[in-house]
$ cat upload_26.txt   # compact mmCIF, C-alpha atoms
# COMPACT_ATOMS: atom_id res chain seq x y z
CA MET A 1000 -49.06 305.68 -62.07
CA PHE A 1001 -49.57 301.96 -62.55
CA ALA A 1002 -50.10 300.63 -66.05
CA THR A 1003 -53.51 299.08 -66.43
CA ARG A 1004 -54.52 296.16 -68.62
CA PRO A 1005 -57.80 296.25 -70.55
CA LEU A 1006 -60.50 294.31 -68.76
CA PHE A 1007 -60.90 291.69 -71.51
CA ALA A 1008 -57.32 291.54 -72.79
CA PRO A 1009 -56.23 287.93 -73.45
CA ILE A 1010 -53.91 286.29 -70.96
CA ILE A 1011 -51.22 284.29 -72.76
CA SER A 1012 -49.72 281.44 -70.78
CA GLN A 1013 -46.52 279.92 -72.10
CA ARG A 1014 -46.72 277.06 -69.66
CA TYR A 1015 -49.19 275.10 -71.77
CA THR A 1016 -47.95 276.10 -75.21
CA ARG A 1017 -48.54 273.18 -77.57
CA VAL A 1018 -46.97 272.68 -80.95
CA VAL A 1019 -49.13 270.76 -83.40
CA THR A 1020 -47.44 269.23 -86.41
CA SER A 1021 -49.20 267.41 -89.20
CA LYS A 1022 -47.83 264.35 -90.95
CA PRO A 1023 -47.86 264.26 -94.75
CA PRO A 1024 -50.68 262.12 -96.18
CA ARG A 1025 -49.94 258.56 -97.23
CA TYR A 1026 -51.41 257.07 -100.36
CA GLY A 1027 -50.14 253.48 -100.21
CA PHE A 1028 -47.56 253.50 -102.97
CA VAL A 1029 -45.72 250.17 -103.22
CA SER A 1030 -42.45 249.44 -105.02
CA PRO A 1031 -39.98 246.51 -104.78
CA ASP A 1032 -37.06 248.60 -103.57
CA ARG A 1033 -38.90 249.98 -100.55
CA SER A 1034 -41.06 247.00 -99.53
CA ALA A 1035 -40.89 243.75 -97.56
CA LEU A 1036 -43.26 240.78 -97.42
CA LEU A 1037 -44.19 239.36 -94.01
CA VAL A 1038 -45.77 235.89 -93.98
CA CYS A 1039 -47.37 235.19 -90.61
CA ASP A 1040 -47.84 231.75 -89.02
CA ILE A 1041 -49.33 229.74 -91.89
CA GLN A 1042 -48.88 226.46 -90.02
CA GLU A 1043 -50.28 222.93 -90.21
CA LYS A 1044 -52.38 222.97 -87.03
CA PHE A 1045 -54.48 225.83 -88.41
CA ARG A 1046 -55.39 223.94 -91.58
CA PRO A 1047 -58.56 222.19 -90.30
CA ARG A 1048 -59.62 225.17 -88.21
CA ILE A 1049 -59.85 227.88 -90.87
CA ALA A 1050 -62.41 227.55 -93.66
CA THR A 1051 -60.51 229.83 -96.06
CA PHE A 1052 -57.11 228.24 -95.38
CA PRO A 1053 -56.69 227.21 -99.06
CA SER A 1054 -57.10 230.86 -100.06
CA VAL A 1055 -54.48 231.90 -97.51
CA ILE A 1056 -52.02 229.33 -98.89
CA HIS A 1057 -52.71 230.33 -102.49
CA SER A 1058 -52.26 234.02 -101.73
CA ALA A 1059 -49.08 233.54 -99.70
CA ASN A 1060 -47.58 231.21 -102.32
CA THR A 1061 -48.30 233.67 -105.14
CA LEU A 1062 -46.93 236.61 -103.14
CA MET A 1063 -43.80 234.74 -102.11
CA GLN A 1064 -43.01 233.66 -105.67
CA ALA A 1065 -43.59 237.17 -107.01
CA ALA A 1066 -41.61 238.82 -104.20
CA HIS A 1067 -38.71 236.42 -104.75
CA ARG A 1068 -38.59 237.28 -108.46
CA LEU A 1069 -38.74 241.00 -107.66
CA GLU A 1070 -36.06 240.72 -104.94
CA VAL A 1071 -38.43 241.84 -102.19
CA PRO A 1072 -37.25 240.60 -98.76
CA ILE A 1073 -39.46 237.85 -97.31
CA ILE A 1074 -39.87 237.22 -93.58
CA ILE A 1075 -41.72 234.11 -92.39
CA THR A 1076 -42.76 233.50 -88.78
CA GLU A 1077 -43.91 230.36 -87.01
CA GLN A 1078 -45.86 230.59 -83.76
CA HIS A 1079 -44.65 227.95 -81.28
CA PRO A 1080 -43.90 225.38 -84.02
CA LYS A 1081 -43.45 222.54 -81.53
CA GLY A 1082 -47.14 222.79 -80.77
CA LEU A 1083 -48.62 224.21 -83.97
CA GLY A 1084 -46.35 222.60 -86.55
CA ASN A 1085 -44.18 224.21 -89.17
CA THR A 1086 -45.14 226.33 -92.16
CA VAL A 1087 -47.29 224.31 -94.58
CA SER A 1088 -45.41 222.32 -97.19
CA GLU A 1089 -47.12 224.14 -100.08
CA LEU A 1090 -45.02 227.23 -99.32
CA ASP A 1091 -41.38 227.33 -100.37
CA THR A 1092 -39.79 228.77 -97.24
CA SER A 1093 -36.32 228.69 -98.82
CA VAL A 1094 -37.09 232.02 -100.51
CA GLY A 1095 -37.33 233.78 -97.15
CA ARG A 1096 -36.01 233.84 -93.61
CA ILE A 1097 -37.91 231.89 -90.92
CA PHE A 1098 -38.24 233.09 -87.33
CA GLU A 1099 -39.82 231.17 -84.46
CA LYS A 1100 -41.86 233.15 -81.95
CA LYS A 1101 -44.23 232.94 -79.00
CA ARG A 1102 -45.24 236.58 -79.05
CA PHE A 1103 -48.38 237.25 -81.10
CA SER A 1104 -46.83 240.14 -83.05
CA MET A 1105 -44.27 239.17 -85.67
CA LEU A 1106 -42.02 241.97 -84.50
CA ILE A 1107 -39.82 240.04 -82.12
CA PRO A 1108 -36.32 241.54 -81.64
CA GLU A 1109 -34.76 239.22 -84.26
CA VAL A 1110 -37.29 240.28 -86.90
CA ARG A 1111 -36.79 243.95 -86.09
CA GLU A 1112 -33.05 243.57 -86.53
CA TYR A 1113 -33.51 241.73 -89.82
CA LEU A 1114 -35.81 244.48 -91.13
CA LYS A 1115 -33.15 247.09 -90.33
CA MET A 1116 -30.96 245.53 -93.02
CA TYR A 1117 -33.47 246.60 -95.67
CA SER A 1118 -35.23 249.59 -94.07
CA PRO A 1119 -38.51 249.03 -95.94
CA GLU A 1120 -41.10 251.79 -95.89
CA SER A 1121 -43.96 249.53 -96.98
CA ILE A 1122 -44.83 246.17 -95.44
CA ILE A 1123 -47.05 243.64 -97.23
CA LEU A 1124 -48.72 241.48 -94.61
CA VAL A 1125 -50.32 238.05 -95.17
CA GLY A 1126 -51.22 235.12 -92.91
CA ILE A 1127 -53.15 234.23 -89.78
CA GLU A 1128 -54.87 234.97 -87.58
CA ALA A 1129 -56.30 238.33 -88.66
CA HIS A 1130 -57.55 239.42 -85.23
CA ALA A 1131 -54.46 238.30 -83.32
CA CYS A 1132 -50.97 238.12 -84.84
CA ILE A 1133 -51.80 240.06 -88.01
CA LEU A 1134 -53.59 242.86 -86.14
CA GLN A 1135 -50.89 243.29 -83.52
CA THR A 1136 -48.14 243.21 -86.14
CA ALA A 1137 -49.93 245.80 -88.27
CA ILE A 1138 -50.47 248.20 -85.38
CA GLU A 1139 -46.84 247.96 -84.25
CA LEU A 1140 -45.60 248.54 -87.79
CA ILE A 1141 -47.86 251.58 -88.27
CA GLU A 1142 -46.76 252.93 -84.90
CA GLY A 1143 -43.18 252.55 -86.09
CA GLY A 1144 -43.81 254.65 -89.19
CA HIS A 1145 -44.34 251.91 -91.80
CA GLU A 1146 -47.08 251.77 -94.40
CA VAL A 1147 -48.90 248.46 -93.98
CA HIS A 1148 -50.75 246.64 -96.76
CA VAL A 1149 -52.95 243.83 -95.46
CA VAL A 1150 -53.70 241.23 -98.14
CA THR A 1151 -57.34 240.42 -97.41
CA ASP A 1152 -57.68 237.24 -99.49
CA GLY A 1153 -54.55 235.90 -97.80
CA THR A 1154 -55.51 236.79 -94.24
CA ALA A 1155 -58.00 234.81 -92.16
CA SER A 1156 -59.27 233.84 -88.72
CA GLN A 1157 -61.06 230.80 -87.38
CA ARG A 1158 -64.21 232.92 -86.93
CA GLU A 1159 -65.37 235.22 -89.70
CA HIS A 1160 -66.61 237.92 -87.35
CA ASP A 1161 -63.09 238.16 -85.87
CA ARG A 1162 -61.68 238.54 -89.39
CA MET A 1163 -64.22 241.20 -90.32
CA VAL A 1164 -63.64 243.30 -87.19
CA ALA A 1165 -59.87 242.91 -87.54
CA PHE A 1166 -59.95 244.37 -91.06
CA GLU A 1167 -61.96 247.34 -89.81
CA ARG A 1168 -59.68 247.79 -86.81
CA MET A 1169 -56.54 247.79 -88.96
CA LYS A 1170 -58.14 250.22 -91.40
CA GLN A 1171 -58.94 252.54 -88.50
CA SER A 1172 -55.28 252.43 -87.50
CA GLY A 1173 -54.14 253.42 -90.98
CA ALA A 1174 -53.50 250.13 -92.78
CA PHE A 1175 -54.33 249.71 -96.46
CA LEU A 1176 -56.58 246.76 -97.33
CA THR A 1177 -55.60 245.13 -100.60
CA THR A 1178 -55.66 241.82 -102.50
CA THR A 1179 -52.98 239.50 -103.82
CA GLU A 1180 -53.30 240.56 -107.44
CA SER A 1181 -53.63 244.25 -106.66
CA VAL A 1182 -50.47 244.50 -104.57
CA ILE A 1183 -48.44 242.41 -107.04
CA LEU A 1184 -49.50 244.68 -109.92
CA GLN A 1185 -48.45 247.65 -107.78
CA LEU A 1186 -45.03 246.07 -107.36
CA LEU A 1187 -44.74 245.51 -111.13
CA GLN A 1188 -46.04 249.01 -112.00
CA SER A 1189 -45.97 248.33 -115.74
CA ALA A 1190 -46.52 245.59 -118.34
CA ASP A 1191 -43.05 246.53 -119.58
CA HIS A 1192 -41.46 245.11 -116.45
CA PRO A 1193 -39.04 242.30 -117.41
CA GLN A 1194 -40.72 239.95 -114.90
CA PHE A 1195 -44.28 240.78 -115.98
CA LYS A 1196 -44.99 237.72 -118.16
CA GLU A 1197 -43.62 235.28 -115.62
CA ILE A 1198 -45.52 236.83 -112.74
CA GLN A 1199 -48.66 237.20 -114.84
CA ASN A 1200 -48.70 233.42 -115.17
CA LEU A 1201 -48.85 233.17 -111.38
CA LEU A 1202 -51.91 235.41 -111.36
CA LYS A 1203 -53.67 233.28 -113.97
CA VAL A 1204 -54.03 230.36 -111.53
CA PRO A 1205 -57.66 230.43 -110.27
CA PRO A 1206 -57.72 231.19 -106.53
CA PRO A 1207 -59.84 229.22 -104.03
CA PRO A 1208 -62.84 231.00 -102.44
CA SER A 1209 -61.65 233.72 -100.07
CA GLY A 1210 -64.98 234.49 -98.40
CA LEU A 1211 -64.51 238.19 -99.08
CA GLU A 1212 -67.75 238.56 -101.04
CA LYS A 1213 -69.74 237.35 -98.05
CA LEU A 1214 -67.57 239.29 -95.61
CA PHE A 1215 -68.07 242.61 -97.37
CA GLY A 1216 -71.71 241.89 -98.13
CA LYS A 1217 -71.45 241.62 -101.93

$ encode --input "upload_26.txt" --output "C-alpha cells"
Amino acid sequence: MFATRPLFAPIISQRYTRVVTSKPPRYGFVSPDRSALLVCDIQEKFRPRIATFPSVIHSANTLMQAAHRLEVPIIITEQHPKGLGNTVSELDTSVGRIFEKKRFSMLIPEVREYLKMYSPESIILVGIEAHACILQTAIELIEGGHEVHVVTDGTASQREHDRMVAFERMKQSGAFLTTTESVILQLLQSADHPQFKEIQNLLKVPPPPSGLEKLFGK
C-alpha cells in the first residue's frame, strides 16, 4: 500500500528557508574612548550662503576644543578647496587631520583608512551641508555599523527646508539627533571628570542663533 498524506498537511519547502536575526537595540551611548569627531566642509565660500553659519562655526569650534582635550580623534574634510576655499580661520585645524575630497560623503578611502586606526563605534558629525555631505556620510556610517550623532546646532544647509528634511531622513536611517552641549556632556559623563571645569567654560560662551526653534516649530 502507498502511504497517504493528510489532505491539509503543511508542505515544508527548504528551498526558501529564511533565517531572521535581530540586531541588539542601540541607545546612543557616547564615550571618548569609542568615539570620533567628523567636521565636514566648513569652508569660506559657504559663509555668505548659509544664514546659520555662525552657529555652525561656534558648534564646531566648541566640539573640536572639547574633543582635543578628551583625546577624541578629529577628522576634518574640505570639499574641493581650490574652488570653495579652506576651512574657516576660526577653527583650529591643527587639532585634527585634514582631508581634501570631491565626493560628497566624507568617507573617501583615505578617511576610512584613518578611522581604522581608532575603530570608533560612535561618530559625532558636524558641518555642512545637512542634505548633501552630512546626509550621505551619516547613511554610509550607519550602513557600516557605526552609531551616528548629528549635532543639529552645528549642521546647516543653504535652504532651511533641505536642513529640516535631512534631519528627518537621517533619523529615519537610525542617526541620533543631538546638540553641542548635550554630546559634550555625554563625553564627560560626570562633573568629577578632570577636564570638566575647563570644558564647562567652553559651554558658557553664548551661542549664535541656530534656527532650531523655528525649524522644530517651537

$ residues_around --input "upload_26.txt" --residues "segment 1184-1194 of chain A" --least-positions-apart "5" --cutoff "10 Å" --atoms "all atoms listed in the file" --output "list in words"
Gly1027, Phe1028, Val1029, Ser1030, Pro1031, Asp1032, Arg1033, Ser1034, Ala1065, Ala1066, Arg1068, Leu1069, Val1071, Thr1179, Gln1199 and Leu1202 of chain A

$ closest_residue --input "upload_26.txt" --among "A:Pro1108, A:Pro1047, A:Gly1095, A:Gly1153" --to "Ile1127 of chain A" --atoms "only C-alpha atoms"
A:Gly1153

$ residues_around --input "upload_26.txt" --residues "segment 1157-1162 of chain A" --least-positions-apart "4" --cutoff "7 Å" --atoms "only C-alpha atoms" --output "ChimeraX atom specification"
/A:1048-1049,1129-1130,1166

$ write_last_selection --input "upload_26.txt" --atoms "C-alpha atoms" --output "JSON list (two decimals), in the frame of the given file"
[["chain", "number", "residue", "atom", "x", "y", "z"],
["A", 1048, "ARG", "CA", -59.62, 225.17, -88.21],
["A", 1049, "ILE", "CA", -59.85, 227.88, -90.87],
["A", 1129, "ALA", "CA", -56.30, 238.33, -88.66],
["A", 1130, "HIS", "CA", -57.55, 239.42, -85.23],
["A", 1166, "PHE", "CA", -59.95, 244.37, -91.06]]

$ residues_near_point --input "upload_26.txt" --point "(-60.1, 233.8, -100.1)" --cutoff "7 Å" --atoms "all atoms listed in the file" --output "PyMOL selection string"
chain A and resi 1051+1054-1055+1152-1153+1207-1211

$ atom_distance --input "upload_26.txt" --atom1 "atom CA of Val1110 of chain A" --atom2 "atom CA of Phe1098 of chain A"
7.3 Å

$ atom_distance --input "upload_26.txt" --atom1 "atom CA of Val1147 of chain A" --atom2 "atom CA of Ala1174 of chain A"
5.0 Å

$ closest_residue --input "upload_26.txt" --among "A:Gly1216, A:Gly1126, A:Gly1143, A:Pro1205" --to "Leu1062 of chain A" --atoms "only C-alpha atoms"
A:Gly1126

$ residues_around --input "upload_26.txt" --residues "Gly1144 of chain A" --least-positions-apart "3" --cutoff "10 Å" --atoms "only C-alpha atoms" --output "list of chain:residue names"
A:Glu1120, A:Ser1121, A:Glu1139, A:Leu1140, A:Ile1141, A:Val1147

$ atom_distance --input "upload_26.txt" --atom1 "atom CA of Ile1097 of chain A" --atom2 "atom CA of Leu1134 of chain A"
19.7 Å

$ axis_aligned_box --input "upload_26.txt" --around "segment 1109-1121 of chain A" --padding-each-side "3 Å" --output "lines of an AutoDock Vina configuration file"
center_x = -37.5
center_y = 245.5
center_z = -90.6
size_x = 19.0
size_y = 18.6
size_z = 18.7

$ closest_residue --input "upload_26.txt" --among "A:Leu1214, A:Ala1035, A:Ala1059, A:Met1116" --to "Thr1178 of chain A" --atoms "all atoms listed in the file"
A:Ala1059

$ decode --input "upload_26.txt" --residues "segment 1172-1197 of chain A" --atoms "N, CA and C atoms" --output "PDB file, in the first residue's frame"
ATOM      1  N   SER A1172      17.000  56.793   9.215  1.00  0.00           N
ATOM      2  CA  SER A1172      18.057  55.810   8.951  1.00  0.00           C
ATOM      3  C   SER A1172      18.741  55.313  10.214  1.00  0.00           C
ATOM      4  N   GLY A1173      18.412  55.930  11.359  1.00  0.00           N
ATOM      5  CA  GLY A1173      18.966  55.443  12.618  1.00  0.00           C
ATOM      6  C   GLY A1173      19.959  56.361  13.296  1.00  0.00           C
ATOM      7  N   ALA A1174      20.126  57.588  12.781  1.00  0.00           N
ATOM      8  CA  ALA A1174      21.034  58.535  13.426  1.00  0.00           C
ATOM      9  C   ALA A1174      20.381  59.141  14.664  1.00  0.00           C
ATOM     10  N   PHE A1175      21.217  59.565  15.594  1.00  0.00           N
ATOM     11  CA  PHE A1175      20.741  60.260  16.795  1.00  0.00           C
ATOM     12  C   PHE A1175      20.925  61.761  16.584  1.00  0.00           C
ATOM     13  N   LEU A1176      19.864  62.537  16.778  1.00  0.00           N
ATOM     14  CA  LEU A1176      19.964  63.991  16.696  1.00  0.00           C
ATOM     15  C   LEU A1176      20.316  64.529  18.073  1.00  0.00           C
ATOM     16  N   THR A1177      21.308  65.397  18.127  1.00  0.00           N
ATOM     17  CA  THR A1177      21.780  65.903  19.407  1.00  0.00           C
ATOM     18  C   THR A1177      22.173  67.372  19.265  1.00  0.00           C
ATOM     19  N   THR A1178      22.724  67.950  20.318  1.00  0.00           N
ATOM     20  CA  THR A1178      23.226  69.322  20.287  1.00  0.00           C
ATOM     21  C   THR A1178      24.667  69.336  20.795  1.00  0.00           C
ATOM     22  N   THR A1179      25.307  70.458  20.592  1.00  0.00           N
ATOM     23  CA  THR A1179      26.711  70.600  21.002  1.00  0.00           C
ATOM     24  C   THR A1179      26.894  70.301  22.487  1.00  0.00           C
ATOM     25  N   GLU A1180      26.118  70.981  23.313  1.00  0.00           N
ATOM     26  CA  GLU A1180      26.277  70.811  24.760  1.00  0.00           C
ATOM     27  C   GLU A1180      25.919  69.397  25.198  1.00  0.00           C
ATOM     28  N   SER A1181      24.855  68.864  24.639  1.00  0.00           N
ATOM     29  CA  SER A1181      24.409  67.530  25.049  1.00  0.00           C
ATOM     30  C   SER A1181      25.467  66.468  24.781  1.00  0.00           C
ATOM     31  N   VAL A1182      26.048  66.478  23.588  1.00  0.00           N
ATOM     32  CA  VAL A1182      27.012  65.426  23.253  1.00  0.00           C
ATOM     33  C   VAL A1182      28.314  65.608  24.031  1.00  0.00           C
ATOM     34  N   ILE A1183      28.696  66.862  24.323  1.00  0.00           N
ATOM     35  CA  ILE A1183      29.904  67.089  25.123  1.00  0.00           C
ATOM     36  C   ILE A1183      29.705  66.594  26.553  1.00  0.00           C
ATOM     37  N   LEU A1184      28.535  66.843  27.117  1.00  0.00           N
ATOM     38  CA  LEU A1184      28.249  66.347  28.472  1.00  0.00           C
ATOM     39  C   LEU A1184      28.207  64.821  28.499  1.00  0.00           C
ATOM     40  N   GLN A1185      27.768  64.208  27.398  1.00  0.00           N
ATOM     41  CA  GLN A1185      27.826  62.750  27.314  1.00  0.00           C
ATOM     42  C   GLN A1185      29.269  62.261  27.343  1.00  0.00           C
ATOM     43  N   LEU A1186      30.133  62.972  26.632  1.00  0.00           N
ATOM     44  CA  LEU A1186      31.545  62.589  26.616  1.00  0.00           C
ATOM     45  C   LEU A1186      32.181  62.730  28.001  1.00  0.00           C
ATOM     46  N   LEU A1187      31.796  63.775  28.729  1.00  0.00           N
ATOM     47  CA  LEU A1187      32.337  63.995  30.079  1.00  0.00           C
ATOM     48  C   LEU A1187      31.798  63.005  31.096  1.00  0.00           C
ATOM     49  N   GLN A1188      30.486  62.712  30.995  1.00  0.00           N
ATOM     50  CA  GLN A1188      29.798  61.738  31.847  1.00  0.00           C
ATOM     51  C   GLN A1188      29.625  62.164  33.298  1.00  0.00           C
ATOM     52  N   SER A1189      30.516  62.997  33.828  1.00  0.00           N
ATOM     53  CA  SER A1189      30.431  63.342  35.242  1.00  0.00           C
ATOM     54  C   SER A1189      31.121  64.687  35.510  1.00  0.00           C
ATOM     55  N   ALA A1190      30.611  65.418  36.500  1.00  0.00           N
ATOM     56  CA  ALA A1190      31.256  66.663  36.928  1.00  0.00           C
ATOM     57  C   ALA A1190      32.586  66.386  37.619  1.00  0.00           C
ATOM     58  N   ASP A1191      32.850  65.136  37.925  1.00  0.00           N
ATOM     59  CA  ASP A1191      34.124  64.753  38.535  1.00  0.00           C
ATOM     60  C   ASP A1191      35.233  64.575  37.507  1.00  0.00           C
ATOM     61  N   HIS A1192      34.890  64.642  36.242  1.00  0.00           N
ATOM     62  CA  HIS A1192      35.900  64.468  35.201  1.00  0.00           C
ATOM     63  C   HIS A1192      36.979  65.543  35.350  1.00  0.00           C
ATOM     64  N   PRO A1193      38.249  65.189  35.245  1.00  0.00           N
ATOM     65  CA  PRO A1193      39.325  66.172  35.436  1.00  0.00           C
ATOM     66  C   PRO A1193      39.296  67.337  34.439  1.00  0.00           C
ATOM     67  N   GLN A1194      38.642  67.148  33.295  1.00  0.00           N
ATOM     68  CA  GLN A1194      38.555  68.206  32.292  1.00  0.00           C
ATOM     69  C   GLN A1194      37.248  68.989  32.378  1.00  0.00           C
ATOM     70  N   PHE A1195      36.417  68.675  33.358  1.00  0.00           N
ATOM     71  CA  PHE A1195      35.066  69.258  33.397  1.00  0.00           C
ATOM     72  C   PHE A1195      35.086  70.781  33.474  1.00  0.00           C
ATOM     73  N   LYS A1196      35.835  71.353  34.395  1.00  0.00           N
ATOM     74  CA  LYS A1196      35.840  72.803  34.589  1.00  0.00           C
ATOM     75  C   LYS A1196      36.287  73.537  33.328  1.00  0.00           C
ATOM     76  N   GLU A1197      37.331  73.025  32.717  1.00  0.00           N
ATOM     77  CA  GLU A1197      37.875  73.662  31.524  1.00  0.00           C
ATOM     78  C   GLU A1197      36.873  73.607  30.369  1.00  0.00           C
TER      79      GLU A1197
END
